[in-house]
>>> print(open('query_39.txt').read())   # compact mmCIF, N, CA and C atoms
# COMPACT_ATOMS: atom_id res chain seq x y z
N GLN I 1 -67.46 4.22 -29.62
CA GLN I 1 -66.96 3.45 -28.49
C GLN I 1 -65.51 3.83 -28.22
N VAL I 2 -65.18 4.01 -26.96
CA VAL I 2 -63.82 4.36 -26.55
C VAL I 2 -63.36 3.33 -25.53
N GLU I 3 -62.17 2.82 -25.71
CA GLU I 3 -61.56 1.92 -24.73
C GLU I 3 -60.36 2.61 -24.10
N LEU I 4 -60.23 2.45 -22.80
CA LEU I 4 -59.17 3.12 -22.05
C LEU I 4 -58.36 2.09 -21.27
N VAL I 5 -57.05 2.21 -21.34
CA VAL I 5 -56.17 1.29 -20.61
C VAL I 5 -55.12 2.09 -19.87
N GLU I 6 -55.13 1.99 -18.55
CA GLU I 6 -54.17 2.70 -17.72
C GLU I 6 -52.89 1.90 -17.55
N SER I 7 -51.80 2.62 -17.29
CA SER I 7 -50.52 2.00 -16.96
C SER I 7 -49.72 2.98 -16.12
N GLY I 8 -48.63 2.49 -15.54
CA GLY I 8 -47.73 3.37 -14.82
C GLY I 8 -47.84 3.29 -13.31
N GLY I 9 -48.81 2.56 -12.81
CA GLY I 9 -48.92 2.43 -11.36
C GLY I 9 -47.77 1.64 -10.79
N GLY I 10 -47.62 1.70 -9.48
CA GLY I 10 -46.55 0.97 -8.83
C GLY I 10 -46.41 1.40 -7.38
N SER I 11 -45.30 1.03 -6.78
CA SER I 11 -45.04 1.34 -5.38
C SER I 11 -43.84 2.27 -5.29
N VAL I 12 -44.01 3.36 -4.58
CA VAL I 12 -42.93 4.31 -4.34
C VAL I 12 -42.99 4.78 -2.91
N GLN I 13 -41.91 5.36 -2.45
CA GLN I 13 -41.89 5.94 -1.12
C GLN I 13 -42.50 7.33 -1.13
N ALA I 14 -42.96 7.74 0.03
CA ALA I 14 -43.49 9.08 0.16
C ALA I 14 -42.45 10.11 -0.30
N GLY I 15 -42.93 11.10 -1.03
CA GLY I 15 -42.05 12.11 -1.58
C GLY I 15 -41.61 11.82 -3.00
N GLY I 16 -41.86 10.60 -3.44
CA GLY I 16 -41.46 10.21 -4.78
C GLY I 16 -42.46 10.63 -5.84
N SER I 17 -42.22 10.16 -7.06
CA SER I 17 -43.05 10.54 -8.21
C SER I 17 -43.45 9.31 -9.01
N LEU I 18 -44.58 9.42 -9.68
CA LEU I 18 -45.03 8.43 -10.64
C LEU I 18 -45.72 9.16 -11.78
N ARG I 19 -45.71 8.54 -12.93
CA ARG I 19 -46.43 9.09 -14.07
C ARG I 19 -47.38 8.02 -14.59
N LEU I 20 -48.66 8.32 -14.53
CA LEU I 20 -49.68 7.41 -15.04
C LEU I 20 -50.01 7.78 -16.47
N SER I 21 -50.30 6.77 -17.26
CA SER I 21 -50.73 6.99 -18.64
C SER I 21 -52.03 6.25 -18.89
N CYS I 22 -52.79 6.77 -19.82
CA CYS I 22 -54.06 6.16 -20.21
C CYS I 22 -54.12 6.18 -21.73
N ALA I 23 -54.04 5.02 -22.33
CA ALA I 23 -54.08 4.90 -23.78
C ALA I 23 -55.52 4.68 -24.22
N ALA I 24 -55.95 5.46 -25.19
CA ALA I 24 -57.33 5.38 -25.66
C ALA I 24 -57.40 4.86 -27.08
N SER I 25 -58.45 4.17 -27.35
CA SER I 25 -58.75 3.77 -28.72
C SER I 25 -60.22 4.04 -28.97
N GLY I 26 -60.54 4.34 -30.21
CA GLY I 26 -61.93 4.64 -30.53
C GLY I 26 -62.07 6.02 -31.11
N ASP I 27 -63.30 6.38 -31.37
CA ASP I 27 -63.59 7.63 -32.06
C ASP I 27 -63.93 8.75 -31.09
N ALA I 28 -63.73 9.97 -31.57
CA ALA I 28 -64.17 11.18 -30.86
C ALA I 28 -63.51 11.34 -29.50
N TYR I 29 -62.37 10.75 -29.30
CA TYR I 29 -61.70 10.88 -28.00
C TYR I 29 -61.25 12.31 -27.76
N ALA I 30 -60.73 12.95 -28.80
CA ALA I 30 -60.17 14.30 -28.63
C ALA I 30 -61.22 15.29 -28.15
N SER I 31 -62.47 15.09 -28.50
CA SER I 31 -63.51 16.06 -28.19
C SER I 31 -64.15 15.83 -26.82
N ARG I 32 -63.65 14.90 -26.08
CA ARG I 32 -64.27 14.56 -24.80
C ARG I 32 -63.54 15.19 -23.61
N CYS I 33 -64.29 15.38 -22.55
CA CYS I 33 -63.69 15.70 -21.26
C CYS I 33 -62.94 14.45 -20.79
N LYS I 34 -61.76 14.64 -20.19
CA LYS I 34 -60.98 13.50 -19.72
C LYS I 34 -60.55 13.76 -18.29
N GLY I 35 -60.49 12.71 -17.52
CA GLY I 35 -60.14 12.90 -16.12
C GLY I 35 -59.52 11.68 -15.49
N TRP I 36 -58.94 11.92 -14.32
CA TRP I 36 -58.41 10.85 -13.47
C TRP I 36 -59.22 10.83 -12.18
N PHE I 37 -59.52 9.64 -11.72
CA PHE I 37 -60.35 9.46 -10.54
C PHE I 37 -59.71 8.43 -9.61
N ARG I 38 -60.11 8.49 -8.35
CA ARG I 38 -59.71 7.46 -7.40
C ARG I 38 -60.82 7.30 -6.39
N PRO I 39 -60.90 6.17 -5.69
CA PRO I 39 -61.96 5.97 -4.71
C PRO I 39 -61.84 6.98 -3.58
N ALA I 40 -62.99 7.30 -2.99
CA ALA I 40 -63.02 8.25 -1.88
C ALA I 40 -64.14 7.88 -0.92
N PRO I 41 -63.98 8.19 0.36
CA PRO I 41 -65.05 7.90 1.33
C PRO I 41 -66.34 8.60 0.94
N GLY I 42 -67.42 7.89 0.97
CA GLY I 42 -68.72 8.48 0.65
C GLY I 42 -69.02 8.59 -0.82
N LYS I 43 -68.07 8.31 -1.66
CA LYS I 43 -68.27 8.35 -3.11
C LYS I 43 -67.59 7.14 -3.72
N GLU I 44 -68.14 6.68 -4.81
CA GLU I 44 -67.48 5.56 -5.48
C GLU I 44 -66.10 6.00 -5.95
N ARG I 45 -66.05 7.16 -6.59
CA ARG I 45 -64.77 7.70 -7.06
C ARG I 45 -64.83 9.22 -7.01
N GLU I 46 -63.71 9.83 -6.68
CA GLU I 46 -63.61 11.28 -6.70
C GLU I 46 -62.73 11.71 -7.86
N GLY I 47 -63.07 12.85 -8.42
CA GLY I 47 -62.24 13.38 -9.47
C GLY I 47 -60.96 13.95 -8.90
N VAL I 48 -59.85 13.56 -9.42
CA VAL I 48 -58.54 14.05 -8.98
C VAL I 48 -58.08 15.18 -9.90
N ALA I 49 -58.26 14.99 -11.20
CA ALA I 49 -57.84 15.99 -12.17
C ALA I 49 -58.68 15.84 -13.42
N ALA I 50 -58.93 16.94 -14.07
CA ALA I 50 -59.72 16.93 -15.30
C ALA I 50 -59.10 17.87 -16.31
N ILE I 51 -59.24 17.53 -17.56
CA ILE I 51 -58.77 18.40 -18.64
C ILE I 51 -59.87 18.50 -19.67
N TYR I 52 -60.20 19.74 -20.03
CA TYR I 52 -61.26 19.98 -20.99
C TYR I 52 -60.78 19.58 -22.39
N ALA I 53 -61.74 19.41 -23.27
CA ALA I 53 -61.44 18.92 -24.61
C ALA I 53 -60.41 19.79 -25.31
N GLY I 54 -60.49 21.11 -25.14
CA GLY I 54 -59.55 22.00 -25.82
C GLY I 54 -58.14 21.93 -25.25
N GLY I 55 -58.02 21.44 -24.04
CA GLY I 55 -56.70 21.26 -23.44
C GLY I 55 -56.21 22.44 -22.61
N GLN I 56 -56.83 23.61 -22.78
CA GLN I 56 -56.34 24.78 -22.04
C GLN I 56 -56.79 24.78 -20.60
N LEU I 57 -57.96 24.28 -20.34
CA LEU I 57 -58.51 24.32 -19.00
C LEU I 57 -58.26 23.00 -18.29
N ARG I 58 -57.74 23.12 -17.08
CA ARG I 58 -57.49 21.93 -16.25
C ARG I 58 -57.94 22.25 -14.84
N GLU I 59 -58.45 21.24 -14.18
CA GLU I 59 -58.89 21.42 -12.81
C GLU I 59 -58.34 20.30 -11.95
N TYR I 60 -58.14 20.63 -10.67
CA TYR I 60 -57.56 19.65 -9.75
C TYR I 60 -58.29 19.68 -8.42
N ALA I 61 -58.34 18.52 -7.80
CA ALA I 61 -58.82 18.47 -6.43
C ALA I 61 -57.84 19.21 -5.53
N ASP I 62 -58.36 19.80 -4.47
CA ASP I 62 -57.50 20.54 -3.54
C ASP I 62 -56.39 19.65 -2.99
N SER I 63 -56.68 18.40 -2.79
CA SER I 63 -55.72 17.50 -2.18
C SER I 63 -54.49 17.22 -3.04
N VAL I 64 -54.59 17.50 -4.35
CA VAL I 64 -53.45 17.22 -5.23
C VAL I 64 -52.94 18.47 -5.93
N MET I 65 -53.58 19.60 -5.69
CA MET I 65 -53.18 20.85 -6.35
C MET I 65 -51.71 21.13 -6.08
N GLY I 66 -50.99 21.46 -7.14
CA GLY I 66 -49.58 21.78 -7.02
C GLY I 66 -48.66 20.57 -7.02
N ARG I 67 -49.24 19.38 -6.94
CA ARG I 67 -48.42 18.16 -6.93
C ARG I 67 -48.68 17.30 -8.17
N PHE I 68 -49.90 17.31 -8.66
CA PHE I 68 -50.27 16.50 -9.82
C PHE I 68 -50.48 17.40 -11.03
N THR I 69 -50.15 16.88 -12.20
CA THR I 69 -50.37 17.60 -13.45
C THR I 69 -50.99 16.66 -14.47
N ILE I 70 -52.13 17.07 -15.01
CA ILE I 70 -52.80 16.29 -16.04
C ILE I 70 -52.45 16.86 -17.41
N SER I 71 -52.24 15.98 -18.36
CA SER I 71 -51.94 16.43 -19.72
C SER I 71 -52.49 15.40 -20.70
N ARG I 72 -52.60 15.83 -21.96
CA ARG I 72 -53.11 14.89 -22.94
C ARG I 72 -52.45 15.11 -24.28
N ASP I 73 -52.32 14.05 -25.02
CA ASP I 73 -51.80 14.10 -26.38
C ASP I 73 -52.91 13.55 -27.26
N ASN I 74 -53.66 14.43 -27.87
CA ASN I 74 -54.80 13.96 -28.66
C ASN I 74 -54.37 13.17 -29.88
N ALA I 75 -53.24 13.55 -30.45
CA ALA I 75 -52.78 12.83 -31.64
C ALA I 75 -52.45 11.38 -31.30
N GLU I 76 -51.84 11.18 -30.14
CA GLU I 76 -51.47 9.83 -29.73
C GLU I 76 -52.56 9.17 -28.89
N LYS I 77 -53.59 9.94 -28.55
CA LYS I 77 -54.68 9.45 -27.71
C LYS I 77 -54.15 8.92 -26.38
N VAL I 78 -53.35 9.73 -25.74
CA VAL I 78 -52.81 9.36 -24.44
C VAL I 78 -53.09 10.47 -23.44
N LEU I 79 -53.64 10.09 -22.31
CA LEU I 79 -53.86 11.00 -21.18
C LEU I 79 -52.85 10.64 -20.11
N SER I 80 -52.24 11.64 -19.51
CA SER I 80 -51.21 11.38 -18.50
C SER I 80 -51.53 12.10 -17.19
N LEU I 81 -50.97 11.58 -16.13
CA LEU I 81 -51.05 12.22 -14.82
C LEU I 81 -49.68 12.12 -14.16
N GLN I 82 -48.99 13.25 -14.11
CA GLN I 82 -47.71 13.31 -13.43
C GLN I 82 -47.97 13.57 -11.96
N MET I 83 -47.48 12.68 -11.11
CA MET I 83 -47.74 12.80 -9.68
C MET I 83 -46.41 12.96 -8.96
N ASN I 84 -46.24 14.11 -8.32
CA ASN I 84 -45.02 14.41 -7.57
C ASN I 84 -45.34 14.57 -6.09
N SER I 85 -44.30 14.53 -5.29
CA SER I 85 -44.45 14.72 -3.84
C SER I 85 -45.55 13.83 -3.29
N LEU I 86 -45.51 12.58 -3.64
CA LEU I 86 -46.57 11.66 -3.28
C LEU I 86 -46.63 11.44 -1.78
N LYS I 87 -47.85 11.27 -1.30
CA LYS I 87 -48.11 11.06 0.13
C LYS I 87 -48.79 9.71 0.31
N SER I 88 -48.75 9.21 1.53
CA SER I 88 -49.37 7.91 1.79
C SER I 88 -50.86 7.94 1.47
N GLU I 89 -51.49 9.10 1.67
CA GLU I 89 -52.92 9.20 1.39
C GLU I 89 -53.24 9.21 -0.10
N ASP I 90 -52.24 9.25 -0.93
CA ASP I 90 -52.47 9.13 -2.38
C ASP I 90 -52.59 7.66 -2.81
N THR I 91 -52.33 6.75 -1.90
CA THR I 91 -52.47 5.34 -2.22
C THR I 91 -53.89 5.03 -2.65
N ALA I 92 -54.03 4.47 -3.83
CA ALA I 92 -55.36 4.18 -4.38
C ALA I 92 -55.21 3.53 -5.74
N THR I 93 -56.30 3.01 -6.24
CA THR I 93 -56.38 2.63 -7.64
C THR I 93 -56.86 3.85 -8.41
N TYR I 94 -56.13 4.21 -9.45
CA TYR I 94 -56.45 5.38 -10.24
C TYR I 94 -57.08 4.95 -11.56
N TYR I 95 -58.17 5.62 -11.90
CA TYR I 95 -58.92 5.31 -13.10
C TYR I 95 -58.92 6.51 -14.03
N CYS I 96 -58.73 6.28 -15.31
CA CYS I 96 -58.95 7.35 -16.26
C CYS I 96 -60.35 7.18 -16.84
N ALA I 97 -60.90 8.30 -17.29
CA ALA I 97 -62.25 8.29 -17.81
C ALA I 97 -62.41 9.37 -18.87
N ALA I 98 -63.37 9.18 -19.73
CA ALA I 98 -63.69 10.16 -20.76
C ALA I 98 -65.20 10.33 -20.80
N GLY I 99 -65.63 11.56 -21.02
CA GLY I 99 -67.05 11.81 -21.01
C GLY I 99 -67.46 12.99 -21.85
N ASN I 100 -68.73 13.29 -21.77
CA ASN I 100 -69.29 14.43 -22.49
C ASN I 100 -68.52 15.70 -22.12
N PRO I 101 -68.26 16.55 -23.12
CA PRO I 101 -67.51 17.78 -22.81
C PRO I 101 -68.15 18.63 -21.72
N PHE I 102 -69.47 18.56 -21.58
CA PHE I 102 -70.16 19.43 -20.64
C PHE I 102 -70.05 18.96 -19.19
N VAL I 103 -69.52 17.80 -18.93
CA VAL I 103 -69.41 17.34 -17.55
C VAL I 103 -68.12 17.77 -16.89
N CYS I 104 -67.21 18.35 -17.64
CA CYS I 104 -65.89 18.65 -17.09
C CYS I 104 -65.97 19.56 -15.87
N ALA I 105 -66.90 20.49 -15.89
CA ALA I 105 -67.01 21.43 -14.77
C ALA I 105 -67.40 20.73 -13.48
N ALA I 106 -67.93 19.52 -13.58
CA ALA I 106 -68.39 18.80 -12.39
C ALA I 106 -67.47 17.67 -11.97
N VAL I 107 -66.40 17.44 -12.70
CA VAL I 107 -65.51 16.33 -12.36
C VAL I 107 -64.91 16.51 -10.97
N ILE I 108 -64.45 17.74 -10.70
CA ILE I 108 -63.90 18.04 -9.38
C ILE I 108 -65.03 18.62 -8.55
N GLY I 109 -65.43 17.94 -7.51
CA GLY I 109 -66.52 18.45 -6.70
C GLY I 109 -67.15 17.35 -5.88
N PRO I 110 -68.13 17.72 -5.09
CA PRO I 110 -68.72 16.77 -4.14
C PRO I 110 -69.63 15.73 -4.77
N ARG I 111 -70.08 15.95 -5.97
CA ARG I 111 -71.04 15.02 -6.57
C ARG I 111 -70.33 14.07 -7.53
N SER I 112 -70.88 12.90 -7.65
CA SER I 112 -70.38 11.95 -8.63
C SER I 112 -70.77 12.45 -10.02
N VAL I 113 -69.88 12.24 -10.96
CA VAL I 113 -70.14 12.68 -12.33
C VAL I 113 -70.19 11.47 -13.23
N ALA I 114 -71.09 11.51 -14.19
CA ALA I 114 -71.28 10.38 -15.08
C ALA I 114 -70.36 10.50 -16.28
N MET I 115 -69.27 9.78 -16.26
CA MET I 115 -68.39 9.70 -17.41
C MET I 115 -68.83 8.52 -18.27
N ASP I 116 -68.60 8.64 -19.56
CA ASP I 116 -69.10 7.61 -20.48
C ASP I 116 -68.22 6.37 -20.55
N TYR I 117 -66.93 6.58 -20.38
CA TYR I 117 -65.99 5.46 -20.54
C TYR I 117 -64.98 5.46 -19.39
N TRP I 118 -64.65 4.26 -18.96
CA TRP I 118 -63.73 4.08 -17.84
C TRP I 118 -62.69 3.02 -18.17
N GLY I 119 -61.47 3.26 -17.65
CA GLY I 119 -60.49 2.20 -17.70
C GLY I 119 -60.66 1.28 -16.51
N LYS I 120 -59.83 0.26 -16.43
CA LYS I 120 -59.94 -0.71 -15.34
C LYS I 120 -59.11 -0.34 -14.13
N GLY I 121 -58.28 0.68 -14.25
CA GLY I 121 -57.55 1.16 -13.10
C GLY I 121 -56.12 0.67 -13.03
N THR I 122 -55.29 1.46 -12.35
CA THR I 122 -53.91 1.09 -12.08
C THR I 122 -53.61 1.45 -10.63
N LEU I 123 -52.98 0.54 -9.91
CA LEU I 123 -52.78 0.70 -8.47
C LEU I 123 -51.52 1.49 -8.16
N VAL I 124 -51.69 2.47 -7.30
CA VAL I 124 -50.57 3.28 -6.81
C VAL I 124 -50.47 3.07 -5.30
N THR I 125 -49.28 2.67 -4.85
CA THR I 125 -49.07 2.42 -3.43
C THR I 125 -47.91 3.28 -2.95
N ILE I 126 -48.17 4.09 -1.95
CA ILE I 126 -47.14 4.98 -1.40
C ILE I 126 -46.80 4.51 0.01
N SER I 127 -45.55 4.24 0.24
CA SER I 127 -45.10 3.79 1.55
C SER I 127 -44.42 4.94 2.28
N SER I 128 -44.67 5.02 3.55
CA SER I 128 -44.10 6.12 4.34
C SER I 128 -42.78 5.71 4.98
>>> encode(input="query_39.txt", output="structure tokens")
Amino acid sequence: QVELVESGGGSVQAGGSLRLSCAASGDAYASRCKGWFRPAPGKEREGVAAIYAGGQLREYADSVMGRFTISRDNAEKVLSLQMNSLKSEDTATYYCAAGNPFVCAAVIGPRSVAMDYWGKGTLVTISS
């Protein structure tokens, strides 16, 4: 069982930055695919960024490429999302999730992906 708790959300002006964190507890967290998601039209949630269990491979949605950076500290069981150059369209509740290592290739894409564990979300509001 893995429990995930997000933090770091808040309100900033367009062009600003925020850093989201996701603290995990439980077993086998290091070996899982980890990602950040937010709601999207036509889907319950879209993958924003994903990091494979080994940490070397990372993927991003086109809408955040070059602005967001996902990272993880397996020893501390913390997943982070550094968000720079924020835009009003980034306003959303952001969820961290962990899942089977084999789903990472599908986190970013048109289909919903089944992650095993979800946090409750942290709200990010960008004002223009």
>>> residues_near_point(input="query_39.txt", point="(-40.2, 11.3, -3.4)", cutoff="8 Å", atoms="all atoms listed in the file", output="list in words")
Val12, Gln13, Ala14, Gly15, Gly16, Ser17, Leu18, Asn84, Ser85, Leu86 and Lys87 of chain I
>>> residues_around(input="query_39.txt", residues="Glu76 (chain I)", least_positions_apart="5", cutoff="8 Å", atoms="all atoms listed in the file", output="VMD selection string")
chain I and resid 22 to 25
>>> select_by_dssp(input="query_39.txt", residues="region 62-127 of chain I", states="alpha helix (DSSP H)", output="list of chain:residue names")
I:Cys104, I:Ala105, I:Ala106, I:Val107
>>> write_last_selection(input="query_39.txt", atoms="N, CA and C atoms", output="CSV table (one decimal), in the frame of the given file")
chain,number,residue,atom,x,y,z
I,104,CYS,N,-67.2,18.4,-17.6
I,104,CYS,CA,-65.9,18.6,-17.1
I,104,CYS,C,-66.0,19.6,-15.9
I,105,ALA,N,-66.9,20.5,-15.9
I,105,ALA,CA,-67.0,21.4,-14.8
I,105,ALA,C,-67.4,20.7,-13.5
I,106,ALA,N,-67.9,19.5,-13.6
I,106,ALA,CA,-68.4,18.8,-12.4
I,106,ALA,C,-67.5,17.7,-12.0
I,107,VAL,N,-66.4,17.4,-12.7
I,107,VAL,CA,-65.5,16.3,-12.4
I,107,VAL,C,-64.9,16.5,-11.0
>>> select_by_dssp(input="query_39.txt", residues="region 5-116 of chain I", states="strand (DSSP E)", output="PyMOL selection string")
chain I and resi 5-7+10-13+18-26+33-40+43-51+58-60+68-73+78-83+92-99
>>> residues_around(input="query_39.txt", residues="Thr91 (chain I)", least_positions_apart="3", cutoff="5 Å", atoms="only N, CA and C atoms", output="list in words")
Ser88, Val124, Thr125 and Ile126 of chain I
>>> atom_distance(input="query_39.txt", atom1="atom N of Asn74 (chain I)", atom2="atom C of Ala106 (chain I)")
21.3 Å
